[in-house]
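Pasting target.cif here (mmCIF, C-alpha atoms):
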data_coords
loop_
_atom_site.label_atom_id
_atom_site.label_comp_id
_atom_site.auth_asym_id
_atom_site.auth_seq_id
_atom_site.Cartn_x
_atom_site.Cartn_y
_atom_site.Cartn_z
CA MET A 291 -34.51 20.39 -10.90
CA GLU A 292 -31.45 18.85 -9.27
CA ILE A 293 -30.46 15.43 -10.63
CA PHE A 294 -29.03 12.65 -8.45
CA ALA A 295 -27.68 9.37 -9.81
CA ILE A 296 -28.28 6.50 -7.38
CA ILE A 297 -26.14 3.57 -8.55
CA GLY A 298 -26.43 0.07 -7.11
CA LEU A 299 -23.44 -2.17 -7.82
CA GLY A 300 -23.64 -5.85 -8.65
CA ASN A 301 -23.17 -8.41 -11.40
CA PRO A 302 -25.79 -9.12 -14.08
CA GLY A 303 -27.12 -12.64 -14.58
CA ASP A 304 -29.26 -15.10 -12.66
CA GLU A 305 -26.24 -16.87 -11.15
CA TYR A 306 -25.40 -13.70 -9.20
CA ASP A 307 -28.92 -12.88 -7.99
CA HIS A 308 -29.02 -12.10 -4.26
CA THR A 309 -25.33 -12.83 -3.67
CA ARG A 310 -23.42 -10.67 -1.20
CA HIS A 311 -21.66 -8.90 -4.07
CA ASN A 312 -25.06 -7.85 -5.45
CA ALA A 313 -26.05 -5.99 -2.29
CA GLY A 314 -26.15 -2.77 -4.32
CA PHE A 315 -28.61 -4.19 -6.86
CA ASP A 316 -30.86 -5.62 -4.15
CA THR A 317 -30.81 -2.40 -2.10
CA LEU A 318 -31.64 -0.36 -5.19
CA ASP A 319 -34.56 -2.70 -5.94
CA ILE A 320 -35.95 -2.05 -2.43
CA LEU A 321 -35.58 1.69 -3.00
CA ALA A 322 -37.21 1.46 -6.44
CA ASP A 323 -40.19 -0.41 -4.97
CA GLU A 324 -40.55 2.23 -2.29
CA LEU A 325 -40.48 4.99 -4.92
CA GLY A 326 -43.06 3.21 -7.09
CA VAL A 327 -40.75 2.39 -10.00
CA ARG A 328 -42.47 0.05 -12.45
CA TYR A 329 -40.27 0.36 -15.52
CA TRP A 330 -36.54 -0.10 -16.10
CA LYS A 331 -34.87 0.59 -19.44
CA ASN A 332 -31.45 -0.19 -20.85
CA GLU A 333 -29.41 2.96 -21.29
CA CYS A 334 -25.77 3.91 -20.87
CA GLY A 335 -24.85 0.26 -20.23
CA ALA A 336 -27.18 0.05 -17.22
CA LEU A 337 -30.74 -0.78 -16.28
CA CYS A 338 -32.14 2.64 -15.40
CA ALA A 339 -35.32 4.03 -13.91
CA HIS A 340 -36.21 7.70 -13.62
CA VAL A 341 -38.35 9.05 -10.82
CA GLN A 342 -39.11 12.43 -9.27
CA TRP A 343 -39.04 12.60 -5.49
CA HIS A 344 -39.38 15.66 -3.26
CA GLY A 345 -38.40 18.04 -6.06
CA LEU A 346 -35.39 15.97 -7.14
CA GLU A 347 -34.89 13.96 -10.31
CA LEU A 348 -33.48 10.56 -9.39
CA ILE A 349 -31.80 8.24 -11.87
CA LEU A 350 -31.68 4.75 -10.37
CA ALA A 351 -29.14 2.58 -12.18
CA LYS A 352 -27.76 -0.96 -12.10
CA PRO A 353 -24.65 -1.18 -14.35
CA GLN A 354 -24.78 -4.31 -16.52
CA SER A 355 -21.05 -4.46 -17.25
CA PHE A 356 -20.07 -6.65 -14.27
CA MET A 357 -18.74 -5.20 -11.05
CA ASN A 358 -15.12 -4.68 -12.08
CA ARG A 359 -16.16 -2.47 -15.02
CA SER A 360 -18.93 -0.47 -13.35
CA GLY A 361 -17.14 2.79 -14.06
CA GLY A 362 -18.03 2.80 -17.76
CA PRO A 363 -21.81 2.88 -17.31
CA VAL A 364 -21.54 5.29 -14.35
CA ALA A 365 -19.45 7.70 -16.41
CA GLN A 366 -21.93 7.47 -19.31
CA ILE A 367 -24.86 8.32 -17.03
CA VAL A 368 -22.97 11.22 -15.45
CA LYS A 369 -22.12 12.61 -18.90
CA LYS A 370 -25.55 12.07 -20.52
CA TYR A 371 -27.48 13.70 -17.67
CA ASP A 372 -24.78 16.18 -16.61
CA VAL A 373 -24.86 14.86 -13.05
CA ASP A 374 -22.72 16.82 -10.61
CA LEU A 375 -20.16 14.46 -9.04
CA SER A 376 -21.42 15.48 -5.59
CA HIS A 377 -24.85 14.15 -6.62
CA ILE A 378 -23.70 10.55 -7.15
CA VAL A 379 -24.65 7.91 -4.59
CA ILE A 380 -23.03 4.48 -4.96
CA ILE A 381 -24.55 1.53 -3.06
CA HIS A 382 -22.18 -1.42 -2.63
CA ASP A 383 -21.19 -4.41 -0.51
CA GLU A 384 -18.48 -3.88 2.12
CA LEU A 385 -16.41 -6.67 3.70
CA ASP A 386 -15.09 -4.44 6.50
CA ILE A 387 -18.55 -3.72 7.93
CA PRO A 388 -20.35 -6.41 9.96
CA SER A 389 -23.24 -8.16 8.29
CA GLY A 390 -26.50 -6.39 9.08
CA SER A 391 -24.90 -2.94 9.40
CA ILE A 392 -24.37 -0.08 6.98
CA LYS A 393 -22.26 3.05 6.83
CA VAL A 394 -22.62 6.26 4.89
CA LYS A 395 -19.40 7.79 3.56
CA SER A 396 -18.19 10.38 1.10
CA GLY A 397 -14.85 10.15 -0.66
CA GLY A 398 -11.84 8.43 0.85
CA GLY A 399 -10.35 5.01 0.28
CA LEU A 400 -11.89 2.26 -1.80
CA ALA A 401 -11.12 -0.70 0.51
CA GLY A 402 -9.90 -2.83 -2.40
CA HIS A 403 -13.38 -2.83 -3.99
CA ASN A 404 -12.90 -3.29 -7.73
CA GLY A 405 -16.25 -1.75 -8.65
CA LEU A 406 -15.35 1.42 -6.75
CA LYS A 407 -11.86 1.45 -8.30
CA SER A 408 -13.43 1.29 -11.77
CA ILE A 409 -15.76 4.20 -10.98
CA ALA A 410 -12.93 6.29 -9.48
CA ASP A 411 -10.77 5.60 -12.55
CA LYS A 412 -13.48 6.58 -15.05
CA LEU A 413 -14.63 9.69 -13.16
CA GLN A 414 -11.12 10.68 -12.04
CA ASN A 415 -12.75 11.51 -8.73
CA ARG A 416 -13.71 9.89 -5.41
CA ASP A 417 -15.88 12.64 -3.94
CA TRP A 418 -19.20 10.84 -4.23
CA THR A 419 -21.39 9.45 -1.50
CA ARG A 420 -21.35 5.76 -0.70
CA ILE A 421 -23.93 3.64 1.07
CA ARG A 422 -21.85 0.69 2.27
CA ILE A 423 -23.85 -2.48 2.92
CA GLY A 424 -22.03 -4.63 5.47
CA ILE A 425 -21.46 -8.26 4.52
CA GLY A 426 -18.74 -9.09 7.06
CA ARG A 427 -15.65 -11.17 6.43
CA PRO A 428 -15.69 -14.78 5.22
CA PRO A 429 -15.51 -17.41 7.94
CA GLY A 430 -12.26 -19.28 8.56
CA ARG A 431 -10.12 -19.58 5.48
CA MET A 432 -12.91 -19.23 2.94
CA ASP A 433 -11.78 -17.37 -0.18
CA VAL A 434 -13.15 -13.81 -0.38
CA VAL A 435 -14.32 -14.28 -3.98
CA ASP A 436 -16.25 -17.45 -3.07
CA TYR A 437 -17.79 -15.64 -0.11
CA VAL A 438 -18.98 -12.53 -1.95
CA LEU A 439 -20.37 -14.55 -4.86
CA ARG A 440 -22.55 -16.69 -2.57
CA ALA A 441 -26.03 -15.91 -1.37
CA PRO A 442 -26.25 -15.80 2.42
CA LYS A 443 -28.51 -18.28 4.20
CA GLY A 444 -30.34 -18.49 7.52
CA GLU A 445 -29.43 -15.84 10.07
CA GLN A 446 -26.92 -14.28 7.67
CA LEU A 447 -29.68 -13.86 5.10
CA GLU A 448 -31.86 -12.03 7.63
CA GLU A 449 -28.95 -9.71 8.51
CA PHE A 450 -28.25 -9.13 4.81
CA LYS A 451 -31.86 -8.19 4.12
CA ALA A 452 -31.95 -5.90 7.17
CA ALA A 453 -28.83 -4.09 5.94
CA GLN A 454 -30.37 -3.64 2.49
CA ARG A 455 -33.52 -2.17 4.02
CA LEU A 456 -31.36 0.21 6.08
CA GLY A 457 -29.39 1.09 2.96
CA ALA A 458 -32.55 2.05 1.05
CA ASP A 459 -33.70 4.16 4.01
CA ALA A 460 -30.25 5.79 4.21
CA VAL A 461 -30.39 6.93 0.57
CA LEU A 462 -33.64 8.83 1.11
CA TYR A 463 -32.50 10.17 4.48
CA TYR A 464 -29.27 11.42 2.89
CA LEU A 465 -31.14 13.11 0.04
CA GLU A 466 -33.41 14.90 2.51
CA ASN A 467 -30.97 15.71 5.30
CA GLY A 468 -27.43 15.69 3.87
CA LEU A 469 -24.29 13.71 4.60
CA THR A 470 -23.55 14.72 8.18
CA LYS A 471 -27.04 13.93 9.46
CA ALA A 472 -27.14 10.66 7.47
CA GLN A 473 -23.84 9.59 9.00
CA GLY A 474 -25.12 10.46 12.49
CA GLU A 475 -28.29 8.45 11.90
CA PHE A 476 -26.83 5.34 10.23
CA ASN A 477 -23.12 4.99 11.14
#
Once more with this new file: its structure as structure tokens, please.
Amino acid sequence: MEIFAIIGLGNPGDEYDHTRHNAGFDTLDILADELGVRYWKNECGALCAHVQWHGLELILAKPQSFMNRSGGPVAQIVKKYDVDLSHIVIIHDELDIPSGSIKVKSGGGLAGHNGLKSIADKLQNRDWTRIRIGIGRPPGRMDVVDYVLRAPKGEQLEEFKAAQRLGADAVLYYLENGLTKAQGEFN
């Protein structure tokens, strides 16, 4: 049975719940609910759930090492379960995509995202699939760090939730139909 690691990026701790930077965690939670996950366990430095779906073994994981050190837990999961690098899907927030939108991508640049840099450094590879949850740029002169570590409100919250729902749908669509079709459907 083919194994896929679906990794949602975020920061552990109540103070980071539902912030823009935790878009990966929130999107993975939506996906886990849809797949009927009821149990998460601590392993490899992440909260992990295992589920079978359409003949695939899926490892859903939320690294608990803080965003900037996500690579450690991801590398541990890849090693423990012998996950092919082409079977890694990383879900993360993306400043360069408008709030409410998503994009599916494989490989390429990391757009200054420290979580992605950590993963690329630990795996010595960038050829994994990414589900990029758009959060848009901060308004005016607001500091990027302050912006990503805040929870959106009002209309922005609705856009954020819509993007997360799309992101969860995109993961399953990608697994069933491949990268090219997923990009055509969601980009």
Just want the 7 Å neighbourhood of Asp417 (chain A), counted on only C-alpha atoms, with same-chain residues fewer than 3 positions away dropped. Output as a PDB file with C-alpha atoms, in the frame of the given file.
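Printed below is result.pdb as written:
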ATOM      1  CA  LEU A 375     -20.160  14.460  -9.040  1.00  0.00           C
ATOM      2  CA  SER A 376     -21.420  15.480  -5.590  1.00  0.00           C
ATOM      3  CA  SER A 396     -18.190  10.380   1.100  1.00  0.00           C
ATOM      4  CA  GLY A 397     -14.850  10.150  -0.660  1.00  0.00           C
TER       5      GLY A 397
END
Got a sec: who's within 7 Å of region 446-461 of chain A, counting only C-alpha atoms, leaving out chain neighbours fewer than 6 positions off, as an mmCIF file with C-alpha atoms, keeping the file's coordinate frame?
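Contents of around.cif, as written:
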data_model
loop_
_atom_site.group_PDB
_atom_site.id
_atom_site.type_symbol
_atom_site.label_atom_id
_atom_site.label_comp_id
_atom_site.auth_asym_id
_atom_site.auth_seq_id
_atom_site.Cartn_x
_atom_site.Cartn_y
_atom_site.Cartn_z
ATOM 1 C CA ALA A 313 -26.050 -5.990 -2.290
ATOM 2 C CA ASP A 316 -30.860 -5.620 -4.150
ATOM 3 C CA THR A 317 -30.810 -2.400 -2.100
ATOM 4 C CA LEU A 318 -31.640 -0.360 -5.190
ATOM 5 C CA ILE A 320 -35.950 -2.050 -2.430
ATOM 6 C CA LEU A 321 -35.580 1.690 -3.000
ATOM 7 C CA SER A 389 -23.240 -8.160 8.290
ATOM 8 C CA GLY A 390 -26.500 -6.390 9.080
ATOM 9 C CA SER A 391 -24.900 -2.940 9.400
ATOM 10 C CA ILE A 392 -24.370 -0.080 6.980
ATOM 11 C CA ILE A 421 -23.930 3.640 1.070
ATOM 12 C CA ILE A 423 -23.850 -2.480 2.920
ATOM 13 C CA GLY A 424 -22.030 -4.630 5.470
ATOM 14 C CA ILE A 425 -21.460 -8.260 4.520
ATOM 15 C CA ALA A 472 -27.140 10.660 7.470
ATOM 16 C CA PHE A 476 -26.830 5.340 10.230
#
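The space between CA of Tyr371 (chain A) and CA of Ile293 (chain A) spans 7.8 Å.
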Coordinates-based distance that separates CA of Asp436 (chain A) from CA of Ile378 (chain A) (Å, one decimal) =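 Result for CA of Ile378 (chain A) versus CA of Asp436 (chain A): 29.3 Å, one decimal.
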Selection dump of the PyMOL selection byres ((chain A and resi 419) around 12), as a ChimeraX atom specification = /A:294-297,374-382,393-398,400,406,415-418,420-422,460-461,464-465,468-470,472-473
For Asp386 (chain A), which of A:His344, A:Asp319, A:Gly314, A:Ala401 is the closest residue, counting only C-alpha atoms?
-> A:Ala401
Proximity to Leu462 (chain A) - best of A:Pro353, A:Leu346, A:Asp433, A:Val368, all atoms listed in the file | A:Leu346
Residues within 8 Å of region 326-342 of chain A, all atoms listed in the file, excluding chain neighbours under 5 positions, as an mmCIF file with C-alpha atoms, in the frame of the given file:
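Output file around_25.cif follows:
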data_model
loop_
_atom_site.group_PDB
_atom_site.id
_atom_site.type_symbol
_atom_site.label_atom_id
_atom_site.label_comp_id
_atom_site.auth_asym_id
_atom_site.auth_seq_id
_atom_site.Cartn_x
_atom_site.Cartn_y
_atom_site.Cartn_z
ATOM 1 C CA GLU A 347 -34.890 13.960 -10.310
ATOM 2 C CA LEU A 348 -33.480 10.560 -9.390
ATOM 3 C CA ILE A 349 -31.800 8.240 -11.870
ATOM 4 C CA LEU A 350 -31.680 4.750 -10.370
ATOM 5 C CA ALA A 351 -29.140 2.580 -12.180
ATOM 6 C CA LYS A 352 -27.760 -0.960 -12.100
ATOM 7 C CA PRO A 353 -24.650 -1.180 -14.350
ATOM 8 C CA GLN A 354 -24.780 -4.310 -16.520
ATOM 9 C CA SER A 355 -21.050 -4.460 -17.250
ATOM 10 C CA GLY A 362 -18.030 2.800 -17.760
ATOM 11 C CA PRO A 363 -21.810 2.880 -17.310
ATOM 12 C CA VAL A 364 -21.540 5.290 -14.350
ATOM 13 C CA GLN A 366 -21.930 7.470 -19.310
ATOM 14 C CA ILE A 367 -24.860 8.320 -17.030
#
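Among the candidates A:Val438, A:Asn467, A:Glu445, A:Lys369, the residue lying nearest to Arg310 (chain A) is A:Val438 (atoms considered: only C-alpha atoms).
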CA of Asn301 (chain A) to CA of Lys412 (chain A), straight-line distance in Å |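 Computing it gives 18.2 Å between the two atoms.
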Determine the residue set returned by the PyMOL selection byres ((chain A and resi 358) around 9) for the present structure, and present it as a ChimeraX atom specification.
-> /A:301,355-357,359-361,403-409
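Omitting region 426-428 of chain A and its sequence neighbours fewer than 5 positions away, and counting only C-alpha atoms, the residues within 7 Å are A:Leu385, A:Asp386, A:Ile387, A:Pro388, A:Ser389, A:Val434, A:Tyr437.
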Residue with smallest distance to Thr309 (chain A) - pool A:Lys471, A:Glu466, A:Arg440, A:Ala365, counting only C-alpha atoms |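 Ranked by minimum distance to Thr309 (chain A), first place goes to A:Arg440.
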Where atoms are lacking, region 401-414 of chain A completed to N, CA, C and O atoms, as a PDB file, in the frame of the given file:
ATOM      1  N   ALA A 401     -11.130   0.586  -0.194  1.00  0.00           N
ATOM      2  CA  ALA A 401     -11.120  -0.700   0.510  1.00  0.00           C
ATOM      3  C   ALA A 401     -10.931  -1.900  -0.423  1.00  0.00           C
ATOM      4  O   ALA A 401     -11.485  -2.960  -0.188  1.00  0.00           O
ATOM      5  N   GLY A 402     -10.178  -1.715  -1.496  1.00  0.00           N
ATOM      6  CA  GLY A 402      -9.900  -2.830  -2.400  1.00  0.00           C
ATOM      7  C   GLY A 402     -11.090  -3.258  -3.242  1.00  0.00           C
ATOM      8  O   GLY A 402     -11.055  -4.308  -3.879  1.00  0.00           O
ATOM      9  N   HIS A 403     -12.160  -2.473  -3.262  1.00  0.00           N
ATOM     10  CA  HIS A 403     -13.380  -2.830  -3.990  1.00  0.00           C
ATOM     11  C   HIS A 403     -13.208  -2.487  -5.469  1.00  0.00           C
ATOM     12  O   HIS A 403     -13.090  -1.325  -5.836  1.00  0.00           O
ATOM     13  N   ASN A 404     -13.193  -3.511  -6.320  1.00  0.00           N
ATOM     14  CA  ASN A 404     -12.900  -3.290  -7.730  1.00  0.00           C
ATOM     15  C   ASN A 404     -13.962  -2.475  -8.459  1.00  0.00           C
ATOM     16  O   ASN A 404     -13.641  -1.740  -9.399  1.00  0.00           O
ATOM     17  N   GLY A 405     -15.211  -2.580  -8.050  1.00  0.00           N
ATOM     18  CA  GLY A 405     -16.250  -1.750  -8.650  1.00  0.00           C
ATOM     19  C   GLY A 405     -16.005  -0.272  -8.363  1.00  0.00           C
ATOM     20  O   GLY A 405     -16.121   0.580  -9.247  1.00  0.00           O
ATOM     21  N   LEU A 406     -15.636   0.033  -7.121  1.00  0.00           N
ATOM     22  CA  LEU A 406     -15.350   1.420  -6.750  1.00  0.00           C
ATOM     23  C   LEU A 406     -14.091   1.926  -7.457  1.00  0.00           C
ATOM     24  O   LEU A 406     -14.032   3.081  -7.889  1.00  0.00           O
ATOM     25  N   LYS A 407     -13.085   1.058  -7.585  1.00  0.00           N
ATOM     26  CA  LYS A 407     -11.860   1.450  -8.300  1.00  0.00           C
ATOM     27  C   LYS A 407     -12.189   1.824  -9.749  1.00  0.00           C
ATOM     28  O   LYS A 407     -11.672   2.809 -10.276  1.00  0.00           O
ATOM     29  N   SER A 408     -13.044   1.030 -10.385  1.00  0.00           N
ATOM     30  CA  SER A 408     -13.430   1.290 -11.770  1.00  0.00           C
ATOM     31  C   SER A 408     -14.137   2.648 -11.885  1.00  0.00           C
ATOM     32  O   SER A 408     -13.856   3.431 -12.795  1.00  0.00           O
ATOM     33  N   ILE A 409     -15.032   2.929 -10.957  1.00  0.00           N
ATOM     34  CA  ILE A 409     -15.760   4.200 -10.980  1.00  0.00           C
ATOM     35  C   ILE A 409     -14.789   5.367 -10.750  1.00  0.00           C
ATOM     36  O   ILE A 409     -14.826   6.370 -11.469  1.00  0.00           O
ATOM     37  N   ALA A 410     -13.915   5.233  -9.767  1.00  0.00           N
ATOM     38  CA  ALA A 410     -12.930   6.290  -9.480  1.00  0.00           C
ATOM     39  C   ALA A 410     -12.036   6.538 -10.690  1.00  0.00           C
ATOM     40  O   ALA A 410     -11.729   7.693 -11.023  1.00  0.00           O
ATOM     41  N   ASP A 411     -11.623   5.462 -11.367  1.00  0.00           N
ATOM     42  CA  ASP A 411     -10.770   5.600 -12.550  1.00  0.00           C
ATOM     43  C   ASP A 411     -11.490   6.343 -13.673  1.00  0.00           C
ATOM     44  O   ASP A 411     -10.925   7.237 -14.302  1.00  0.00           O
ATOM     45  N   LYS A 412     -12.730   5.974 -13.938  1.00  0.00           N
ATOM     46  CA  LYS A 412     -13.480   6.580 -15.050  1.00  0.00           C
ATOM     47  C   LYS A 412     -13.872   8.032 -14.749  1.00  0.00           C
ATOM     48  O   LYS A 412     -13.872   8.872 -15.647  1.00  0.00           O
ATOM     49  N   LEU A 413     -14.216   8.325 -13.512  1.00  0.00           N
ATOM     50  CA  LEU A 413     -14.630   9.690 -13.160  1.00  0.00           C
ATOM     51  C   LEU A 413     -13.455  10.574 -12.773  1.00  0.00           C
ATOM     52  O   LEU A 413     -13.606  11.792 -12.671  1.00  0.00           O
ATOM     53  N   GLN A 414     -12.288   9.946 -12.527  1.00  0.00           N
ATOM     54  CA  GLN A 414     -11.120  10.680 -12.040  1.00  0.00           C
ATOM     55  C   GLN A 414     -11.464  11.481 -10.790  1.00  0.00           C
ATOM     56  O   GLN A 414     -11.072  12.638 -10.644  1.00  0.00           O
TER      57      GLN A 414
END
